[in-house]
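Student: Following this line is run.cif, made up of mmCIF, C-alpha atoms:
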data_input
#
loop_
_atom_site.label_atom_id
_atom_site.label_comp_id
_atom_site.auth_asym_id
_atom_site.auth_seq_id
_atom_site.Cartn_x
_atom_site.Cartn_y
_atom_site.Cartn_z
CA ARG F 5 22.28 -26.47 -1.28
CA SER F 6 20.35 -23.31 -2.15
CA PHE F 7 17.69 -24.19 0.44
CA LYS F 8 20.33 -24.55 3.15
CA LEU F 9 21.93 -21.25 2.15
CA SER F 10 18.53 -19.51 2.11
CA TYR F 11 17.66 -20.95 5.53
CA TYR F 12 21.07 -19.92 6.88
CA ASN F 13 20.64 -16.35 5.58
CA GLU F 14 17.16 -16.10 7.15
CA TYR F 15 18.55 -17.46 10.43
CA LYS F 16 21.41 -14.95 10.37
CA SER F 17 18.92 -12.18 9.69
CA TYR F 18 16.73 -13.30 12.61
CA LEU F 19 19.73 -13.40 14.95
CA ARG F 20 20.71 -9.93 13.78
CA MET F 21 17.35 -8.61 15.00
CA THR F 22 18.45 -9.42 18.55
CA ASP F 23 21.11 -6.73 18.08
CA ILE F 24 18.69 -3.87 17.53
CA THR F 25 19.65 -0.63 19.23
CA ILE F 26 16.85 1.80 20.03
CA ARG F 27 17.68 5.39 20.85
CA LYS F 28 16.42 8.95 20.43
CA ALA F 29 16.62 10.39 16.92
CA LYS F 30 19.30 12.93 16.02
CA PHE F 31 18.96 16.03 13.84
CA THR F 32 21.64 14.59 11.52
CA GLU F 33 19.26 11.74 10.62
CA GLU F 34 16.53 13.99 9.24
CA GLU F 35 16.83 13.04 5.56
CA ALA F 36 17.18 9.30 6.21
CA LEU F 37 14.18 9.22 8.57
CA LYS F 38 11.94 11.41 6.43
CA SER F 39 12.75 9.21 3.44
CA LEU F 40 12.05 5.98 5.34
CA VAL F 41 8.80 7.17 6.91
CA ASN F 42 7.40 8.95 3.86
CA ASN F 43 8.23 6.06 1.52
CA VAL F 44 6.60 3.49 3.82
CA TYR F 45 3.48 5.63 4.27
CA ALA F 46 3.31 6.41 0.54
CA ASP F 47 3.30 2.67 -0.11
CA CYS F 48 1.02 1.51 2.71
CA GLU F 49 -1.44 4.41 2.74
CA ALA F 50 -1.47 5.44 -0.92
CA GLU F 51 -5.23 4.90 -1.07
CA TYR F 52 -5.73 7.33 1.81
CA TRP F 53 -3.72 10.40 0.89
CA THR F 54 -3.22 12.81 -1.97
CA GLU F 55 0.17 12.58 -3.65
CA ASP F 56 1.54 15.67 -1.90
CA TYR F 57 0.95 14.30 1.63
CA LYS F 58 4.06 13.69 3.75
CA ARG F 59 3.73 11.84 7.06
CA LEU F 60 7.01 13.25 8.35
CA THR F 61 7.53 16.89 7.40
CA ASP F 62 10.49 19.10 8.27
CA ALA F 63 8.49 20.79 11.05
CA ARG F 64 7.21 17.52 12.54
CA PHE F 65 10.69 16.01 12.47
CA LYS F 66 12.15 18.99 14.33
CA ASP F 67 9.32 18.95 16.90
CA TYR F 68 9.76 15.21 17.51
CA VAL F 69 13.54 15.51 17.95
CA ILE F 70 13.31 18.55 20.23
CA SER F 71 10.69 16.82 22.38
CA GLN F 72 12.74 13.58 22.27
CA GLU F 73 9.66 11.62 21.16
CA LEU F 74 11.13 10.19 17.95
CA HIS F 75 13.00 6.93 18.49
CA VAL F 76 15.25 5.21 15.97
CA ALA F 77 16.00 1.50 15.64
CA THR F 78 19.36 0.54 14.19
CA VAL F 79 21.29 -2.62 13.46
CA ASP F 80 25.01 -2.15 12.89
CA GLU F 81 24.42 1.63 12.65
CA LYS F 82 21.87 1.15 9.81
CA ILE F 83 18.45 2.69 10.48
CA ILE F 84 15.86 -0.08 10.17
CA GLY F 85 12.87 1.60 11.78
CA CYS F 86 11.46 4.31 13.99
CA PHE F 87 8.46 5.31 16.09
CA VAL F 88 7.09 8.19 18.12
CA LEU F 89 6.42 7.62 21.81
CA ARG F 90 4.82 10.25 24.01
CA ASP F 91 3.12 10.54 27.38
CA LEU F 92 -0.66 10.47 27.42
CA GLU F 93 -3.23 10.82 30.18
CA LEU F 94 -6.31 8.60 29.75
CA ASP F 95 -9.21 7.61 32.00
CA ILE F 96 -7.18 4.66 33.25
CA GLY F 97 -4.25 6.92 34.18
CA LYS F 98 -0.81 7.64 32.79
CA CYS F 99 -0.18 5.88 29.47
CA LYS F 100 2.12 5.97 26.48
CA GLU F 101 0.95 6.77 22.98
CA LEU F 102 2.73 4.97 20.16
CA SER F 103 2.52 6.38 16.65
CA MET F 104 4.34 6.27 13.33
CA LEU F 105 5.76 2.79 13.93
CA VAL F 106 7.76 2.10 10.77
CA VAL F 107 10.04 -0.77 9.79
CA ASP F 108 12.14 -0.69 6.63
CA PRO F 109 10.44 -3.00 4.10
CA SER F 110 13.68 -4.94 3.64
CA GLU F 111 13.66 -5.78 7.36
CA ARG F 112 10.03 -6.88 7.70
CA ARG F 113 8.93 -10.36 8.79
CA ARG F 114 12.14 -10.83 10.75
CA GLY F 115 10.99 -9.72 14.18
CA ALA F 116 12.00 -6.06 14.03
CA GLY F 117 8.46 -4.75 14.61
CA SER F 118 8.02 -7.08 17.57
CA LYS F 119 11.31 -5.89 19.06
CA LEU F 120 10.19 -2.26 18.73
CA MET F 121 6.83 -3.07 20.30
CA ASP F 122 8.55 -4.93 23.17
CA TYR F 123 10.70 -1.86 23.78
CA VAL F 124 7.61 0.39 23.90
CA VAL F 125 5.73 -1.90 26.30
CA ASN F 126 8.78 -2.37 28.54
CA THR F 127 9.36 1.41 28.61
CA ALA F 128 5.71 1.96 29.60
CA LYS F 129 5.95 -0.67 32.34
CA ALA F 130 9.20 0.80 33.66
CA GLU F 131 7.48 4.19 33.91
CA GLU F 132 4.53 2.55 35.70
CA CYS F 133 2.08 3.40 32.92
CA LYS F 134 -1.36 1.81 32.88
CA GLY F 135 -1.34 1.16 29.14
CA VAL F 136 -0.12 1.88 25.63
CA GLN F 137 -2.43 3.44 23.06
CA ILE F 138 -2.14 3.33 19.29
CA GLU F 139 -4.30 4.99 16.66
CA LEU F 140 -4.96 3.58 13.24
CA LEU F 141 -6.30 5.47 10.23
CA GLU F 142 -9.15 3.50 8.64
CA PHE F 143 -11.71 4.17 5.92
CA LYS F 144 -15.22 4.75 7.25
CA ASP F 145 -16.65 2.52 4.53
CA GLY F 146 -14.44 -0.50 5.18
CA SER F 147 -10.92 -1.64 5.91
CA ASP F 148 -8.22 -2.24 3.36
CA LYS F 149 -6.03 -5.35 3.26
CA TRP F 150 -2.94 -3.65 4.75
CA LYS F 151 -4.89 -2.18 7.69
CA ALA F 152 -6.60 -5.53 8.33
CA THR F 153 -3.16 -7.17 8.59
CA LEU F 154 -1.90 -4.39 10.83
CA LYS F 155 -4.96 -4.59 13.11
CA LYS F 156 -4.47 -8.34 13.46
CA TRP F 157 -0.80 -7.81 14.35
CA TYR F 158 -1.76 -5.25 17.04
CA GLU F 159 -4.45 -7.58 18.41
CA ASN F 160 -1.89 -10.39 18.61
CA LYS F 161 0.28 -8.01 20.64
CA GLY F 162 -2.56 -7.56 23.14
CA PHE F 163 -4.20 -4.36 21.87
CA ALA F 164 -7.99 -4.08 22.01
CA PHE F 165 -10.24 -1.75 20.04
CA VAL F 166 -11.56 1.23 22.03
CA LYS F 167 -13.36 3.60 19.63
CA HIS F 168 -13.64 5.23 16.21
CA GLU F 169 -13.42 9.01 15.90
CA ASN F 170 -13.57 11.28 12.87
CA PHE F 171 -10.04 11.94 11.65
CA SER F 172 -11.02 15.44 10.53
CA ASP F 173 -12.06 16.38 14.10
CA PHE F 174 -8.51 15.85 15.34
CA PHE F 175 -6.44 16.85 12.34
CA PRO F 176 -8.46 19.32 10.25
CA ASP F 177 -5.35 20.57 8.41
CA PHE F 178 -4.40 17.08 7.26
CA ALA F 179 -7.98 16.00 6.57
CA THR F 180 -7.96 18.13 3.43
CA GLN F 181 -5.34 15.73 2.04
CA LEU F 182 -7.44 12.61 2.62
CA LYS F 183 -8.97 11.01 -0.45
CA ARG F 184 -11.91 9.53 1.54
CA ASP F 185 -13.59 10.01 4.90
CA SER F 186 -11.65 8.12 7.54
CA TYR F 187 -11.72 7.18 11.17
CA LEU F 188 -8.97 7.49 13.68
CA SER F 189 -9.43 4.17 15.49
CA SER F 190 -7.98 3.87 18.99
CA TYR F 191 -6.59 0.63 20.43
CA ILE F 192 -5.12 0.11 23.86
CA LYS F 193 -3.01 -2.49 25.57
CA THR F 194 -3.50 -2.39 29.33
CA LEU F 195 -0.47 -3.16 31.45
#
Before anything else, please render the file you have as C-alpha cells.
Tutor:
Amino acid sequence: RSFKLSYYNEYKSYLRMTDITIRKAKFTEEEALKSLVNNVYADCEAEYWTEDYKRLTDARFKDYVISQELHVATVDEKIIGCFVLRDLELDIGKCKELSMLVVDPSERRRGAGSKLMDYVVNTAKAEECKGVQIELLEFKDGSDKWKATLKKWYENKGFAFVKHENFSDFFPDFATQLKRDSYLSSYIKTL
C-alpha cells in the first residue's frame, strides 16, 4: 500500500510539472527569488565562494526585472524556479544566453528543469536565434561532483563545450570572493 501511495504521489507531482507557468519576474517577488537563488547557490557552489557571496543581490535583481531578463516558473502560484535569459550576439549570429537556472530543491528530479530548458529553447527558436549559450563556473584544477552532474545534464540537452575562460577576466569584482581559481566554461546548443 505504501508503495502504491508513493508511486501515486510521484505521478501526481510529475503531472503537476506540466502545469508550469513561466513569466517575467515582478518586483514584489524580490525576497522570495533572492532567497531561492542564494540558498541554491550557497548549497551547490559552497566550495567556490566565500560565505558573504550572494548570487542574486538587490542591485542585480532590480537590473534583471527592469530589463525583463529574469523569468519565474510557478506551479499553482508557488515559485519553483527561475532563470535569466538575454540576447547575445556570437560568431554564429543572434543567440540567447541562459544563466542562473535554478529549481527549488523540493521540485528537482520531476521534470521542472527540463520544462524550463524547453521554454528557453522554444523562445530562442521563435525569435529565430542560431543557438543558446550557457556558462558554467568550474575549478581550474578539476570538476566537482555537482558540476559534473550539471554538465552531463546540459550535454544530454544538446549543449556542447566551446571554451574555458578565466572567470576573473570577466567578473573581476566577484573574483575576489572566489575561494579558488576558476574557469567560466561556455557551452552552446545550436538551433
Student: Check which residues satisfy the PyMOL selection byres ((chain F and resi 164) around 8) in the file shown, then give them as a tab-separated table (two decimals) with C-alpha atoms, keeping the file's coordinate frame.
Tutor:
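Contents of part.tsv, freshly written:
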chain	number	residue	atom	x	y	z
F	159	GLU	CA	-4.45	-7.58	18.41
F	162	GLY	CA	-2.56	-7.56	23.14
F	163	PHE	CA	-4.20	-4.36	21.87
F	165	PHE	CA	-10.24	-1.75	20.04
F	166	VAL	CA	-11.56	1.23	22.03
F	191	TYR	CA	-6.59	0.63	20.43
F	192	ILE	CA	-5.12	0.11	23.86
F	193	LYS	CA	-3.01	-2.49	25.57
Student: Please determine, counting only C-alpha atoms, which residue among F:Ala36, F:Ala46, F:Ala77, F:Ile83 has the shortest atom-to-atom distance to Phe65 in chain F.
Tutor: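 Closest to Phe65 in chain F, using only C-alpha atoms: F:Ala36.
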Student: Expand the PyMOL selection byres ((chain F and resi 120) around 10) into the individual residues it matches in the shown file, reporting them as a PDB file with C-alpha atoms, in the coordinates of the input.
Tutor:
ATOM      1  CA  ILE F  24      18.690  -3.870  17.530  1.00  0.00           C
ATOM      2  CA  THR F  25      19.650  -0.630  19.230  1.00  0.00           C
ATOM      3  CA  ILE F  26      16.850   1.800  20.030  1.00  0.00           C
ATOM      4  CA  HIS F  75      13.000   6.930  18.490  1.00  0.00           C
ATOM      5  CA  VAL F  76      15.250   5.210  15.970  1.00  0.00           C
ATOM      6  CA  ALA F  77      16.000   1.500  15.640  1.00  0.00           C
ATOM      7  CA  GLY F  85      12.870   1.600  11.780  1.00  0.00           C
ATOM      8  CA  CYS F  86      11.460   4.310  13.990  1.00  0.00           C
ATOM      9  CA  PHE F  87       8.460   5.310  16.090  1.00  0.00           C
ATOM     10  CA  LEU F 105       5.760   2.790  13.930  1.00  0.00           C
ATOM     11  CA  VAL F 106       7.760   2.100  10.770  1.00  0.00           C
ATOM     12  CA  VAL F 107      10.040  -0.770   9.790  1.00  0.00           C
ATOM     13  CA  GLY F 115      10.990  -9.720  14.180  1.00  0.00           C
ATOM     14  CA  ALA F 116      12.000  -6.060  14.030  1.00  0.00           C
ATOM     15  CA  GLY F 117       8.460  -4.750  14.610  1.00  0.00           C
ATOM     16  CA  SER F 118       8.020  -7.080  17.570  1.00  0.00           C
ATOM     17  CA  LYS F 119      11.310  -5.890  19.060  1.00  0.00           C
ATOM     18  CA  MET F 121       6.830  -3.070  20.300  1.00  0.00           C
ATOM     19  CA  ASP F 122       8.550  -4.930  23.170  1.00  0.00           C
ATOM     20  CA  TYR F 123      10.700  -1.860  23.780  1.00  0.00           C
ATOM     21  CA  VAL F 124       7.610   0.390  23.900  1.00  0.00           C
ATOM     22  CA  VAL F 125       5.730  -1.900  26.300  1.00  0.00           C
ATOM     23  CA  ASN F 126       8.780  -2.370  28.540  1.00  0.00           C
TER      24      ASN F 126
END
Student: Fewer than 2 positions away in the same chain doesn't count, so skip those; otherwise give me all residues within 10 Å of Tyr187 in chain F, counting only C-alpha atoms, as a PDB file with C-alpha atoms, in the frame of the given file.
Tutor:
ATOM      1  CA  GLU F 139      -4.300   4.990  16.660  1.00  0.00           C
ATOM      2  CA  LEU F 140      -4.960   3.580  13.240  1.00  0.00           C
ATOM      3  CA  LEU F 141      -6.300   5.470  10.230  1.00  0.00           C
ATOM      4  CA  GLU F 142      -9.150   3.500   8.640  1.00  0.00           C
ATOM      5  CA  PHE F 143     -11.710   4.170   5.920  1.00  0.00           C
ATOM      6  CA  LYS F 144     -15.220   4.750   7.250  1.00  0.00           C
ATOM      7  CA  ASP F 145     -16.650   2.520   4.530  1.00  0.00           C
ATOM      8  CA  LYS F 167     -13.360   3.600  19.630  1.00  0.00           C
ATOM      9  CA  HIS F 168     -13.640   5.230  16.210  1.00  0.00           C
ATOM     10  CA  GLU F 169     -13.420   9.010  15.900  1.00  0.00           C
ATOM     11  CA  ASN F 170     -13.570  11.280  12.870  1.00  0.00           C
ATOM     12  CA  PHE F 171     -10.040  11.940  11.650  1.00  0.00           C
ATOM     13  CA  SER F 172     -11.020  15.440  10.530  1.00  0.00           C
ATOM     14  CA  ASP F 173     -12.060  16.380  14.100  1.00  0.00           C
ATOM     15  CA  ARG F 184     -11.910   9.530   1.540  1.00  0.00           C
ATOM     16  CA  ASP F 185     -13.590  10.010   4.900  1.00  0.00           C
ATOM     17  CA  SER F 189      -9.430   4.170  15.490  1.00  0.00           C
ATOM     18  CA  SER F 190      -7.980   3.870  18.990  1.00  0.00           C
TER      19      SER F 190
END
Student: Box along x, y and z, 6 Å on every side, all listed atoms of range 41-55 of chain F inside: centre and edge lengths in Å to one decimal, as JSON.
Tutor:
{"center_x": 1.5, "center_y": 7.2, "center_z": 1.6, "size_x": 26.5, "size_y": 23.3, "size_z": 22.6}
Student: Can you work out which one of F:Asp23, F:Asp67, F:Asp80, F:Glu132 has the shortest atom-to-atom distance to Gly97 in chain F, counting only C-alpha atoms?
Tutor: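 Counting only C-alpha atoms, the residue closest to Gly97 in chain F is F:Glu132.
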Student: Could you tell me how far CA of Glu51 in chain F lies from CA of Leu182 in chain F, in Å and to one decimal?
Tutor: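 For CA of Glu51 in chain F relative to CA of Leu182 in chain F, the distance reads 8.8 Å.
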Student: Taking all atoms listed in the file into account, which of F:Gly146, F:Lys134, F:Asp108, F:Arg113 comes nearest Leu92 in chain F?
Tutor: F:Lys134
Student: Which residues, named as in the file, does the PyMOL selection byres ((chain F and resi 34) around 10) pick out? Answer as a PyMOL selection string.
Tutor: chain F and resi 29-33+35-40+60-62+65-66+69
Student: So which one's closest to Lys58 in chain F, F:Ala152, F:Leu94, F:Val44, F:Leu195? Using all atoms listed in the file, please.
Tutor: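 The closest residue to Lys58 in chain F is F:Val44.
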Student: Which one of F:Leu74, F:Arg90, F:Lys82, F:Phe174 sits closest to Arg27 in chain F if you count all atoms listed in the file?
Tutor: F:Leu74
Student: Rounded to one decimal in Å, what is the spacing between CA of Lys100 in chain F and CA of Ile138 in chain F?
Tutor: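 Taking CA of Lys100 in chain F as the start and CA of Ile138 in chain F as the end point, the length is 8.8 Å.
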Student: Just give me the gap between CA of Glu111 in chain F and CA of Asn43 in chain F in Å, one decimal is fine.
Tutor: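 Going from CA of Glu111 in chain F over to CA of Asn43 in chain F, I get 14.3 Å.
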Student: Nearest residue to Ile96 in chain F out of F:Gln72, F:Glu81, F:Gln137, F:Thr153, using only C-alpha atoms?
Tutor: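 Among the listed residues, F:Gln137 lies closest to Ile96 in chain F.
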Student: Would you mind listing what lies within 8 Å of Asp91 in chain F as a ChimeraX atom specification, with all atoms listed in the file counted and same-chain residues fewer than 3 positions away left out?
Tutor: /F:98-101
Student: Would you mind completing range 100-120 of chain F to N, CA and C atoms and writing the output as a compact mmCIF listing (two decimals), keeping the file's coordinate frame?
Tutor:
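Below is the file selection-v6.txt, written as the result:
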# COMPACT_ATOMS: atom_id res chain seq x y z
N LYS F 100 1.25 5.58 27.59
CA LYS F 100 2.12 5.97 26.48
C LYS F 100 1.30 5.90 25.21
N GLU F 101 1.57 6.81 24.29
CA GLU F 101 0.95 6.77 22.98
C GLU F 101 2.04 6.45 21.96
N LEU F 102 1.81 5.40 21.20
CA LEU F 102 2.73 4.97 20.16
C LEU F 102 2.16 5.37 18.82
N SER F 103 2.96 6.03 18.01
CA SER F 103 2.52 6.38 16.65
C SER F 103 3.70 6.27 15.69
N MET F 104 3.37 6.29 14.43
CA MET F 104 4.34 6.27 13.33
C MET F 104 5.36 5.14 13.47
N LEU F 105 4.89 3.97 13.85
CA LEU F 105 5.76 2.79 13.93
C LEU F 105 6.07 2.33 12.50
N VAL F 106 7.33 2.41 12.12
CA VAL F 106 7.76 2.10 10.77
C VAL F 106 8.95 1.16 10.82
N VAL F 107 8.90 0.13 9.98
CA VAL F 107 10.04 -0.77 9.79
C VAL F 107 10.40 -0.77 8.31
N ASP F 108 11.67 -0.65 8.02
CA ASP F 108 12.14 -0.69 6.63
C ASP F 108 11.59 -1.94 5.96
N PRO F 109 11.00 -1.82 4.78
CA PRO F 109 10.44 -3.00 4.10
C PRO F 109 11.41 -4.16 3.94
N SER F 110 12.69 -3.86 3.79
CA SER F 110 13.68 -4.94 3.64
C SER F 110 13.94 -5.69 4.94
N GLU F 111 13.45 -5.16 6.05
CA GLU F 111 13.66 -5.78 7.36
C GLU F 111 12.38 -6.40 7.93
N ARG F 112 11.30 -6.36 7.19
CA ARG F 112 10.03 -6.88 7.70
C ARG F 112 10.03 -8.40 7.75
N ARG F 113 9.14 -8.92 8.61
CA ARG F 113 8.93 -10.36 8.79
C ARG F 113 10.18 -11.06 9.36
N ARG F 114 10.94 -10.29 10.12
CA ARG F 114 12.14 -10.83 10.75
C ARG F 114 12.17 -10.53 12.25
N GLY F 115 11.08 -9.99 12.75
CA GLY F 115 10.99 -9.72 14.18
C GLY F 115 11.31 -8.31 14.60
N ALA F 116 11.64 -7.43 13.66
CA ALA F 116 12.00 -6.06 14.03
C ALA F 116 10.82 -5.32 14.66
N GLY F 117 9.63 -5.42 14.06
CA GLY F 117 8.46 -4.75 14.61
C GLY F 117 8.14 -5.23 16.02
N SER F 118 8.27 -6.52 16.23
CA SER F 118 8.02 -7.08 17.57
C SER F 118 9.04 -6.55 18.58
N LYS F 119 10.28 -6.43 18.16
CA LYS F 119 11.31 -5.89 19.06
C LYS F 119 10.99 -4.44 19.43
N LEU F 120 10.53 -3.65 18.45
CA LEU F 120 10.19 -2.26 18.73
C LEU F 120 8.99 -2.20 19.68
